[in-house]
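Quick look at start_21.txt (compact mmCIF, C-alpha atoms and all ligand atoms):
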# COMPACT_ATOMS: atom_id res chain seq x y z
CA MET Z 16 88.33 77.40 103.99
CA GLU Z 17 88.87 78.21 107.62
CA ALA Z 18 87.96 81.61 108.93
CA VAL Z 19 90.46 83.65 110.88
CA GLN Z 20 88.80 84.01 114.23
CA ALA Z 21 88.85 86.83 116.72
CA PRO Z 22 89.62 85.51 120.18
CA ASP Z 23 86.48 86.92 121.74
CA ARG Z 24 83.95 86.44 118.95
CA PRO Z 25 84.50 83.28 116.96
CA GLN Z 26 82.88 83.15 113.57
CA THR Z 27 80.59 80.18 113.79
CA ARG Z 28 79.21 80.14 110.24
CA PRO Z 29 80.38 81.31 106.85
CA LEU Z 30 79.32 84.92 106.33
CA PHE Z 31 78.96 84.57 102.57
CA ALA Z 32 76.84 81.44 102.44
CA SER Z 33 76.49 79.67 99.11
CA PRO Z 34 73.64 81.37 97.30
CA ASP Z 35 72.51 78.29 95.39
CA GLY Z 36 68.75 78.27 95.27
CA LEU Z 37 68.51 81.90 96.39
CA GLU Z 38 66.44 84.21 94.26
CA ARG Z 39 67.89 87.53 93.19
CA PRO Z 40 65.83 90.54 94.30
CA ALA Z 41 63.45 92.07 91.72
CA GLY Z 42 65.27 94.53 89.50
CA GLY Z 43 68.65 92.96 90.17
CA ASP Z 44 71.38 94.43 92.31
CA VAL Z 45 73.71 95.80 89.69
CA ASP Z 46 74.42 99.47 90.20
CA GLN Z 47 73.01 101.27 87.18
CA ARG Z 48 74.72 104.60 87.85
CA ASP Z 49 77.01 105.96 85.22
CA VAL Z 50 80.79 105.82 85.57
CA GLY Z 51 80.29 109.30 87.07
CA THR Z 52 83.28 110.53 89.02
CA SER Z 53 85.65 108.05 87.46
CA THR Z 54 88.46 109.98 85.83
CA ALA Z 55 90.84 107.24 84.84
CA SER Z 56 91.10 105.27 81.68
CA ALA Z 57 90.63 101.51 81.96
CA PRO Z 58 93.92 100.06 83.22
CA SER Z 59 93.40 96.51 82.07
CA PRO Z 60 90.85 94.15 80.58
CA VAL Z 61 87.58 94.20 82.43
CA VAL Z 62 87.65 91.98 85.47
CA SER Z 63 85.19 89.47 84.33
CA THR Z 64 83.98 89.02 80.83
CA HIS Z 65 80.84 87.43 82.24
CA ALA Z 66 78.67 90.30 80.98
CA VAL Z 67 75.68 88.90 82.75
CA SER Z 68 73.38 90.34 85.36
CA GLU Z 69 72.66 86.94 86.92
CA PRO Z 70 75.86 84.94 86.96
CA SER Z 71 75.33 81.27 87.57
CA ARG Z 72 77.46 79.48 90.15
CA SER Z 73 80.00 78.35 87.59
CA GLN Z 74 80.19 81.80 86.02
CA ARG Z 75 80.62 83.76 89.19
CA PRO Z 76 84.13 85.16 89.60
CA SER Z 77 86.00 84.07 92.68
CA ALA Z 78 86.49 86.74 95.34
CA LEU Z 79 88.33 86.78 98.64
CA VAL Z 80 87.15 88.93 101.53
CA VAL Z 81 90.10 90.01 103.64
CA MET Z 82 89.60 92.20 106.69
CA SER Z 83 89.97 91.80 110.41
CA PRO Z 84 88.65 91.22 112.92
CA PRO Z 85 86.06 89.00 111.18
CA HIS Z 86 83.17 90.66 112.99
CA LEU Z 87 84.07 93.84 111.08
CA ALA Z 88 82.84 92.06 107.96
CA GLU Z 89 79.64 91.04 109.76
CA LEU Z 90 78.83 94.72 110.25
CA VAL Z 91 80.03 95.82 106.80
CA PHE Z 92 77.89 93.18 105.05
CA ALA Z 93 74.93 93.21 107.46
CA GLY Z 94 71.33 93.70 106.39
CA GLY Z 95 71.42 91.17 103.56
CA LEU Z 96 74.56 92.54 101.89
CA ALA Z 97 76.49 89.31 102.52
CA THR Z 98 73.81 87.37 100.65
CA GLU Z 99 73.78 89.96 97.88
CA LEU Z 100 77.53 89.68 97.51
CA ALA Z 101 77.39 85.89 97.49
CA ARG Z 102 75.01 86.08 94.54
CA LEU Z 103 77.61 87.99 92.57
CA VAL Z 104 80.83 86.18 93.42
CA ASP Z 105 82.01 82.88 94.81
CA VAL Z 106 83.68 83.42 98.16
CA PRO Z 107 85.67 80.26 98.94
CA GLY Z 108 84.17 78.68 102.04
CA GLY Z 109 81.99 81.77 102.46
CA ALA Z 110 84.64 82.95 104.88
CA VAL Z 111 86.23 86.21 105.88
CA LEU Z 112 90.01 85.96 105.92
CA GLY Z 113 92.46 87.85 108.08
CA ASP Z 114 95.60 86.86 106.23
CA LEU Z 115 97.02 86.56 102.75
CA ASP Z 116 99.85 84.16 103.44
CA SER Z 117 98.48 81.08 105.18
CA ALA Z 118 98.51 77.78 103.28
CA THR Z 119 94.71 77.85 103.02
CA THR Z 120 94.64 81.34 101.58
CA ARG Z 121 97.46 80.55 99.16
CA SER Z 122 95.54 77.50 97.94
CA VAL Z 123 92.63 79.63 96.70
CA LEU Z 124 94.58 82.63 95.39
CA PRO Z 125 95.16 81.15 91.88
CA ASP Z 126 91.43 81.46 91.07
CA VAL Z 127 90.78 84.82 92.69
CA GLU Z 128 89.64 87.67 90.42
CA ILE Z 129 88.49 90.20 93.00
CA LEU Z 130 89.95 91.00 96.40
CA ILE Z 131 87.47 92.64 98.74
CA THR Z 132 89.47 94.26 101.49
CA GLY Z 133 88.85 96.25 104.64
CA TRP Z 134 90.60 97.55 107.73
CA GLY Z 135 93.10 95.01 109.03
CA CYS Z 136 93.92 93.65 105.59
CA PRO Z 137 97.62 92.70 105.58
CA PRO Z 138 99.93 94.16 102.91
CA ILE Z 139 99.38 92.83 99.39
CA THR Z 140 102.90 91.77 98.53
CA PRO Z 141 104.41 90.92 95.12
CA GLU Z 142 104.31 87.26 96.27
CA VAL Z 143 100.55 87.46 96.83
CA LEU Z 144 100.10 88.99 93.37
CA GLU Z 145 102.25 86.31 91.82
CA ALA Z 146 100.10 83.66 93.48
CA ALA Z 147 96.94 85.34 92.13
CA PRO Z 148 97.47 85.64 88.35
CA ARG Z 149 93.74 86.13 87.65
CA LEU Z 150 93.38 89.04 90.07
CA ARG Z 151 91.98 92.08 88.29
CA ALA Z 152 90.47 94.27 91.00
CA VAL Z 153 90.78 95.29 94.62
CA VAL Z 154 87.63 96.78 96.13
CA HIS Z 155 88.47 98.33 99.49
CA ALA Z 156 85.92 99.09 102.21
CA GLY Z 157 88.15 101.92 103.41
CA GLY Z 158 89.83 105.12 102.30
CA ALA Z 159 92.56 104.08 99.85
CA ALA Z 160 93.16 100.71 98.20
CA ALA Z 161 96.62 101.60 96.89
CA THR Z 162 98.00 101.91 100.41
CA LEU Z 163 97.40 98.17 100.90
CA PHE Z 164 100.13 97.31 98.43
CA ALA Z 165 103.62 96.66 99.73
CA GLU Z 166 104.83 98.13 96.43
CA GLN Z 167 102.26 100.52 94.97
CA SER Z 168 103.61 100.16 91.43
CA SER Z 169 102.62 96.48 91.51
CA ALA Z 170 98.96 97.58 91.52
CA LYS Z 171 99.14 99.43 88.23
CA ASP Z 172 97.39 96.76 86.15
CA LEU Z 173 94.54 96.35 88.60
CA TYR Z 174 91.28 98.16 89.06
CA LEU Z 175 91.42 99.77 92.49
CA SER Z 176 88.29 101.07 94.14
CA ASN Z 177 87.75 102.50 97.59
CA ALA Z 178 84.97 103.60 99.93
CA GLY Z 179 86.58 106.92 100.86
CA GLU Z 180 83.45 108.88 99.94
CA PRO Z 181 80.95 106.89 101.99
CA ASN Z 182 83.44 106.82 104.86
CA ALA Z 183 83.85 110.61 104.65
CA LEU Z 184 80.20 111.30 105.45
CA PRO Z 185 80.16 110.16 109.10
CA VAL Z 186 83.42 112.06 109.70
CA ALA Z 187 81.76 115.18 108.34
CA GLU Z 188 78.63 114.57 110.43
CA TYR Z 189 80.76 114.16 113.57
CA THR Z 190 82.59 117.36 112.69
CA ILE Z 191 79.39 119.37 112.22
CA ALA Z 192 78.09 118.09 115.56
CA MET Z 193 81.31 119.17 117.26
CA ILE Z 194 81.33 122.59 115.56
CA LEU Z 195 77.79 123.30 116.72
CA LEU Z 196 78.42 122.02 120.26
CA ALA Z 197 81.61 124.12 120.41
CA GLY Z 198 79.51 127.15 119.44
CA LYS Z 199 77.23 126.45 122.41
CA ASP Z 200 80.24 125.70 124.67
CA ALA Z 201 78.26 122.61 125.63
CA THR Z 202 81.04 120.95 127.62
CA GLY Z 203 81.81 124.18 129.51
CA ALA Z 204 78.10 124.63 130.24
CA GLU Z 205 77.81 121.06 131.49
CA ARG Z 206 80.80 121.52 133.77
CA LEU Z 207 79.41 124.74 135.20
CA TYR Z 208 75.95 123.26 135.76
CA ARG Z 209 77.42 120.24 137.55
CA GLU Z 210 79.53 122.54 139.74
CA ARG Z 211 76.79 125.03 140.64
CA ARG Z 212 73.69 122.81 140.49
CA THR Z 213 71.44 125.85 140.31
CA TYR Z 214 69.91 128.39 137.93
CA LEU Z 215 72.51 129.90 135.59
CA ASP Z 216 71.93 133.30 134.03
CA ARG Z 217 72.37 132.42 130.34
CA GLU Z 218 72.90 136.03 129.25
CA ILE Z 219 75.82 136.30 131.64
CA GLU Z 220 77.29 132.80 131.73
CA PHE Z 221 76.83 132.00 128.05
CA ALA Z 222 77.21 135.42 126.44
CA HIS Z 223 80.31 134.07 124.69
CA THR Z 224 78.37 131.33 122.88
CA GLY Z 225 76.13 130.99 119.81
CA ASN Z 226 76.12 129.63 116.27
CA PHE Z 227 75.01 132.80 114.51
CA GLY Z 228 77.63 134.58 112.41
CA ARG Z 229 80.60 132.70 113.86
CA THR Z 230 83.55 131.84 111.69
CA VAL Z 231 84.55 128.25 110.94
CA GLY Z 232 87.92 127.57 109.30
CA VAL Z 233 88.18 124.36 107.29
CA VAL Z 234 91.67 123.08 106.47
CA GLY Z 235 91.63 120.76 103.47
CA ALA Z 236 88.88 120.36 100.85
CA SER Z 237 89.47 116.63 100.94
CA ARG Z 238 86.65 114.10 100.59
CA VAL Z 239 85.83 114.73 104.23
CA GLY Z 240 86.48 118.47 103.98
CA ARG Z 241 84.10 118.86 101.03
CA GLN Z 242 81.32 117.06 102.87
CA VAL Z 243 81.91 119.37 105.84
CA LEU Z 244 81.70 122.41 103.52
CA ARG Z 245 78.48 121.04 102.00
CA LEU Z 246 76.84 120.43 105.37
CA LEU Z 247 77.99 123.82 106.71
CA ARG Z 248 75.82 125.51 104.07
CA GLY Z 249 72.82 124.70 106.25
CA PHE Z 250 73.92 127.04 109.04
CA ASP Z 251 74.36 130.78 109.68
CA LEU Z 252 78.13 130.47 109.88
CA GLU Z 253 80.93 132.21 107.99
CA VAL Z 254 83.19 129.62 106.35
CA LEU Z 255 86.86 129.97 105.41
CA LEU Z 256 88.90 127.36 103.56
CA HIS Z 257 92.61 126.79 103.42
CA ASP Z 258 93.69 124.35 100.72
CA PRO Z 259 96.57 125.21 98.39
CA TYR Z 260 95.30 122.69 95.81
CA VAL Z 261 91.71 123.85 95.47
CA ASP Z 262 89.95 126.92 94.09
CA ALA Z 263 87.86 127.84 97.14
CA ALA Z 264 85.55 130.10 95.11
CA SER Z 265 84.49 127.12 93.01
CA LEU Z 266 83.26 125.56 96.26
CA GLY Z 267 81.44 128.74 97.24
CA VAL Z 268 83.69 129.64 100.16
CA GLU Z 269 86.41 132.19 100.88
CA GLY Z 270 89.90 130.81 100.37
CA VAL Z 271 92.56 132.11 102.75
CA SER Z 272 96.10 131.40 103.88
CA LEU Z 273 96.56 129.18 106.91
CA THR Z 274 97.68 132.22 108.92
CA GLU Z 275 94.53 134.15 108.08
CA LEU Z 276 92.34 131.13 108.79
CA MET Z 277 93.87 130.65 112.24
CA ARG Z 278 93.52 134.37 113.03
CA ARG Z 279 89.90 134.77 111.93
CA SER Z 280 88.24 131.51 112.99
CA ASP Z 281 86.25 130.71 116.11
CA VAL Z 282 86.46 127.02 115.25
CA VAL Z 283 89.15 125.40 113.09
CA THR Z 284 88.57 121.91 111.75
CA LEU Z 285 91.33 119.83 110.15
CA HIS Z 286 90.70 117.61 107.12
CA GLN Z 287 94.04 117.37 105.34
CA PRO Z 288 95.75 114.01 104.71
CA VAL Z 289 99.12 113.21 106.24
CA THR Z 290 101.81 114.18 103.75
CA LEU Z 291 105.35 115.45 104.12
CA GLU Z 292 103.86 118.92 103.85
CA THR Z 293 101.12 118.49 106.46
CA ILE Z 294 103.03 116.76 109.27
CA GLY Z 295 103.18 119.26 112.14
CA MET Z 296 101.38 121.82 109.95
CA ILE Z 297 99.45 123.13 112.97
CA GLY Z 298 102.45 124.04 115.10
CA ARG Z 299 103.12 126.34 118.05
CA ASP Z 300 103.05 129.46 115.84
CA GLU Z 301 99.76 128.52 114.20
CA LEU Z 302 98.12 127.70 117.56
CA ALA Z 303 99.29 131.05 118.92
CA LEU Z 304 97.31 132.77 116.15
CA LEU Z 305 93.99 131.35 117.40
CA ARG Z 306 91.90 133.74 119.46
CA ASP Z 307 91.31 133.01 123.16
CA GLY Z 308 88.51 130.46 123.59
CA ALA Z 309 88.76 129.19 120.00
CA THR Z 310 88.22 125.48 119.34
CA LEU Z 311 90.47 123.21 117.29
CA ILE Z 312 88.86 120.02 115.95
CA ASN Z 313 91.06 117.23 114.60
CA THR Z 314 89.47 114.25 112.90
CA ALA Z 315 92.33 113.99 110.37
CA ARG Z 316 95.44 112.42 111.90
CA GLY Z 317 97.43 113.21 115.03
CA GLU Z 318 100.52 113.91 112.93
CA VAL Z 319 99.15 117.14 111.46
CA ILE Z 320 99.34 118.88 114.86
CA ASP Z 321 102.34 119.60 117.06
CA GLN Z 322 100.73 117.76 119.96
CA ASP Z 323 103.16 119.07 122.60
CA ALA Z 324 102.34 122.63 121.60
CA LEU Z 325 98.62 121.81 121.84
CA VAL Z 326 99.09 120.31 125.31
CA ASP Z 327 100.78 123.55 126.42
CA GLU Z 328 97.96 125.73 125.05
CA LEU Z 329 95.28 123.54 126.62
CA ARG Z 330 97.08 123.54 129.96
CA ARG Z 331 97.11 127.33 129.88
CA GLY Z 332 93.33 127.15 129.42
CA ARG Z 333 93.44 129.47 126.42
CA LEU Z 334 92.03 127.07 123.80
CA ARG Z 335 89.52 124.24 123.50
CA ALA Z 336 90.02 121.15 121.40
CA VAL Z 337 88.20 118.12 120.08
CA LEU Z 338 90.48 115.24 119.14
CA ASP Z 339 89.25 112.07 117.50
CA VAL Z 340 92.82 111.16 116.53
CA SER Z 341 96.21 111.51 118.18
CA THR Z 342 99.84 110.49 117.97
CA PRO Z 343 100.11 107.69 118.84
CA ASP Z 344 96.56 106.49 118.32
CA PRO Z 345 95.41 105.29 120.84
CA LEU Z 346 97.24 107.41 123.40
CA PRO Z 347 99.23 105.65 126.14
CA GLU Z 348 97.63 105.61 129.57
CA ASP Z 349 100.00 108.22 131.01
CA HIS Z 350 99.82 110.73 128.17
CA PRO Z 351 99.39 114.38 129.30
CA LEU Z 352 96.42 114.85 126.95
CA TRP Z 353 94.30 112.74 129.35
CA GLU Z 354 94.73 115.43 132.01
CA VAL Z 355 94.41 118.75 130.17
CA PRO Z 356 91.28 120.88 130.53
CA HIS Z 357 88.87 121.86 127.73
CA LEU Z 358 89.55 118.77 125.66
CA THR Z 359 86.92 116.44 124.24
CA ILE Z 360 88.65 113.26 123.18
CA THR Z 361 87.07 110.32 121.33
CA PRO Z 362 88.62 106.98 120.28
CA HIS Z 363 88.81 107.41 116.48
CA ILE Z 364 85.06 107.06 116.01
CA ALA Z 365 84.42 109.83 113.50
CA GLY Z 366 84.71 107.41 110.56
CA SER Z 367 82.21 104.64 109.99
CA THR Z 368 81.08 102.78 113.10
CA GLY Z 369 78.15 100.44 113.70
CA SER Z 370 75.37 100.98 111.18
CA GLU Z 371 77.57 103.31 109.12
CA LEU Z 372 79.79 100.35 108.19
CA ARG Z 373 76.85 99.07 106.18
CA ARG Z 374 77.14 102.15 103.97
CA LEU Z 375 80.66 100.95 103.09
CA GLY Z 376 79.29 97.46 102.42
CA ARG Z 377 76.56 98.85 100.15
CA HIS Z 378 79.23 100.69 98.18
CA VAL Z 379 81.47 97.62 97.94
CA VAL Z 380 78.64 95.38 96.72
CA ASP Z 381 77.69 98.00 94.10
CA GLU Z 382 81.29 98.18 92.90
CA VAL Z 383 81.56 94.39 92.70
CA ALA Z 384 78.28 94.28 90.76
CA ARG Z 385 79.74 96.70 88.22
CA LEU Z 386 82.87 94.58 87.83
CA VAL Z 387 80.88 91.38 87.46
CA SER Z 388 78.77 92.95 84.73
CA GLY Z 389 81.88 94.03 82.85
CA ARG Z 390 81.98 97.69 83.84
CA PRO Z 391 84.78 99.53 85.62
CA PRO Z 392 84.22 100.52 89.23
CA ARG Z 393 82.51 103.86 89.81
CA VAL Z 394 85.37 104.99 92.03
CA LEU Z 395 88.51 104.28 90.07
CA GLU Z 396 91.55 104.99 92.20
CA GLN Z 397 94.85 105.76 90.54
CA VAL Z 398 98.08 104.29 91.85
CA GLY Z 399 100.04 107.07 93.54
CA GLU Z 400 96.90 109.24 93.81
CA ARG Z 401 97.46 109.70 97.51
N1 LIG M 1 88.79 110.08 112.20
C1 LIG M 1 88.42 109.18 111.30
O1 LIG M 1 87.79 108.18 111.62
C2 LIG M 1 88.80 109.39 109.85
C3 LIG M 1 88.10 108.71 108.84
C4 LIG M 1 88.41 109.00 107.50
C5 LIG M 1 89.44 109.90 107.20
N2 LIG M 1 90.13 110.50 108.21
C6 LIG M 1 91.19 111.46 107.94
O2 LIG M 1 90.59 112.62 107.37
C7 LIG M 1 91.53 113.28 106.53
C8 LIG M 1 90.89 113.50 105.16
O3 LIG M 1 90.66 112.23 104.55
P1 LIG M 1 90.17 112.16 103.03
O4 LIG M 1 90.07 110.73 102.68
O5 LIG M 1 88.98 113.03 102.89
O6 LIG M 1 91.43 112.84 102.33
P2 LIG M 1 91.73 112.98 100.79
O7 LIG M 1 92.68 111.94 100.40
O8 LIG M 1 90.46 113.12 100.03
O9 LIG M 1 92.51 114.40 100.80
C9 LIG M 1 93.19 114.84 99.67
C10 LIG M 1 92.98 116.36 99.56
O10 LIG M 1 93.49 117.04 100.71
C11 LIG M 1 93.82 118.37 100.35
N3 LIG M 1 95.17 118.72 100.82
C12 LIG M 1 96.34 118.10 100.50
N4 LIG M 1 97.37 118.73 101.07
C13 LIG M 1 96.85 119.79 101.76
C14 LIG M 1 97.42 120.82 102.53
N5 LIG M 1 98.75 120.94 102.69
N6 LIG M 1 96.61 121.73 103.10
C15 LIG M 1 95.27 121.64 102.93
N7 LIG M 1 94.66 120.70 102.19
C16 LIG M 1 95.44 119.78 101.61
C17 LIG M 1 93.78 118.43 98.82
O11 LIG M 1 92.56 119.06 98.42
C18 LIG M 1 93.77 116.98 98.40
O12 LIG M 1 93.09 116.78 97.18
C19 LIG M 1 92.77 112.36 106.46
O13 LIG M 1 93.73 112.83 107.35
C20 LIG M 1 92.22 111.02 106.91
O14 LIG M 1 93.23 110.23 107.49
C21 LIG M 1 89.82 110.26 109.51
Would you put the structure from the file into structure tokens?
Ligand SMILES: NC(=O)c1ccc[n+]([C@@H]2O[C@H](COP(=O)([O-])OP(=O)(O)OC[C@H]3O[C@@H](n4cnc5c(N)ncnc54)[C@H](O)[C@@H]3O)[C@@H](O)[C@H]2O)c1
Amino acid sequence: MEAVQAPDRPQTRPLFASPDGLERPAGGDVDQRDVGTSTASAPSPVVSTHAVSEPSRSQRPSALVVMSPPHLAELVFAGGLATELARLVDVPGGAVLGDLDSATTRSVLPDVEILITGWGCPPITPEVLEAAPRLRAVVHAGGAAATLFAEQSSAKDLYLSNAGEPNALPVAEYTIAMILLAGKDATGAERLYRERRTYLDREIEFAHTGNFGRTVGVVGASRVGRQVLRLLRGFDLEVLLHDPYVDAASLGVEGVSLTELMRRSDVVTLHQPVTLETIGMIGRDELALLRDGATLINTARGEVIDQDALVDELRRGRLRAVLDVSTPDPLPEDHPLWEVPHLTITPHIAGSTGSELRRLGRHVVDEVARLVSGRPPRVLEQVGER
């Protein structure tokens, strides 16, 4: 099997080397946790009927790893996870693939039982599914496996699992960092210090700052939003939530309308998914409700904000913003957002980067271990869930 190679970093060796002769770690690597958060009933026969904790080479189900660029997989399965995975499943050629339609890929699809996917995985078309009659599960090292399918209904007989929860944690951590730095007006303070290069009277220059008793408005108790709410409990901050689909009291916070949230918050952080209802949800009218000097943080998607309206507000100097996402993403070189004041902009890094990718890999290997031992995945995604 040939690996799909990134132009700058060729893959020189198979990532999932044949494990023959390798010893399994003491205690095995099968996740012993209960089905837990799984809410769905089993959609189809269990992936593999090899109800064994130590599958031999001939018993191991065949799995394809499809994500790109290939060095993404090197980070996802770093720290021994590639070896651990290769003990559970046979990965043809030990390779990471970037396609589902080349002749080489098509030649191995008939045996494949598990697809392990990640960012950059091409659409799973009806033709791919037809070529893979033994496929029973897609384990995605990203937010939603169902979105990989060209036709979502074609996934209904498969186990779908995703790493949305482990990927939500770094987004929440980034958000908390930005909320706290916004409370200190850290970027404003840095700018002032660089300008003046002298002693600054904190009680005069920074009287407007502080993370005691400030109000944070969270939009969306999504996987990310819930982690943000959980982490916010560690601080002396008032927390409001707007989410029409969630009982805020059950999460221990005050539920409010979007209007009230925008009016009362010092910092607003967005965690809703992109839906017909949320596109442009933070428009000119909503931005106008924010108090002077308030901060808007967007780690969700650019589409949920009326970006032109935000540019106008930032140009006026009335608001501050932190954007990890934009429309389009990345922004073109000449976009006005590059020039507006009071904006911290990062290149879509809130989700898993670097070492955090290994948390996704850990989750994927645990899910594959469950499947190989005849159990359903812990995270069982429903088709049409999002
Ligand atoms: N910046 C990054 O690197 C990064 C990484 C991961 C996720 N994200 C983004 O973060 C956001 C949240 O992702 P997730 O996987 O946690 O989402 P999710 O799929 O868990 O969100 C679903 C939930 O959002 C809430 N919701 C739906 N419509 C809403 C509305 N109109 N108003 C308020 N809340 C609403 C509901 O509680 C729903 O259950 C998404 O926009 C996602 O694209 C960004």
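Nearest to Gly225 of chain Z of all the residues Z:Val319, Z:Leu196, Z:Leu207, Z:Leu247 is Z:Leu196, counting all atoms listed in the file.
What separates atom CA of Leu144 of chain Z from atom CA of Ser169 of chain Z is a distance of 8.1 Å.
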- [ ] Could you give me the residues within 7 Å of ligand LIG 1 (chain M), counting all atoms listed in the file, as a PyMOL selection string?
- [x] chain Z and resi 158+179+182-183+186+234-240+257-261+286-290+292-293+314-316+339-340+363-367+401
TODO: For atom CA of Pro141 of chain Z and atom CA of Ala156 of chain Z, quote the distance in Å rounded to one decimal.
DONE: 21.4 Å
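Using all atoms listed in the file, the contacts of segment 248-255 of chain Z at a cut-off of 9 Å, with sequence neighbours closer than 6 positions omitted, comprise Asn226, Phe227, Gly228, Arg229, Thr230, Val231, Gly232, Val233, Val234, Ala263, Val268, Glu269, Gly270, Val271, Leu276, Arg279 and Ser280 of chain Z.
Taking atom CA of Ser77 of chain Z as the reference point, atom CA of Gly109 of chain Z is found at 10.8 Å.
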Task: Which of Z:Gly376, Z:Gly369, Z:Gly389, Z:Gly332 sits closest to Glu99 of chain Z [using only C-alpha atoms] - done: Z:Gly376
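Of the residues listed (Z:Met277, Z:Leu375, Z:Leu311, Z:Cys136), Z:Leu311 shows the shortest atom-to-atom separation from Thr359 of chain Z; distances use all atoms listed in the file.
Using only C-alpha atoms, the protein and nucleic acid residues lying no more than 7 Å from segment 299-309 of chain Z, apart from those fewer than 2 places from it along its own chain, are Z:Thr274, Z:Met277, Z:Arg278, Z:Asp281, Z:Val282, Z:Ile297, Z:Leu311, Z:Asp321, Z:Ala324, Z:Arg333, Z:Leu334, Z:Arg335.
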TODO: Name all residues at most 6 Å from segment 79-93 of chain Z (count all atoms listed in the file; drop same-chain ones fewer than 6 positions away) and give them as a list in words.
DONE: Ala21, Val106, Val111, Leu112, Gly113, Leu130, Ile131, Thr132, Gly133, Trp134, Gly135, Cys136, Leu372, Arg373 and Gly376 of chain Z
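Of the listed residues (Z:Leu256, Z:Arg102, Z:Glu166, Z:Pro392), Z:Leu256 comes nearest to Val283 of chain Z; the distances count all atoms listed in the file.
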Task: Minimum-distance residue to Pro391 of chain Z, chosen among Z:Val153, Z:Ala178, Z:Ala110, Z:Ala32 (using only C-alpha atoms) - done: Z:Val153
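Distance check against Tyr174 of chain Z using all atoms listed in the file: of Z:Leu395, Z:Leu273, Z:Val123, Z:Leu115, the minimum falls on Z:Leu395.
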If the box runs along x, y and z of the file and leaves 5 Å on each side of segment 305-317 of chain Z, what are its centre and edge lengths in Å, one decimal, as JSON?
{"center_x": 92.8, "center_y": 123.1, "center_z": 117.0, "size_x": 19.2, "size_y": 31.3, "size_z": 23.2}
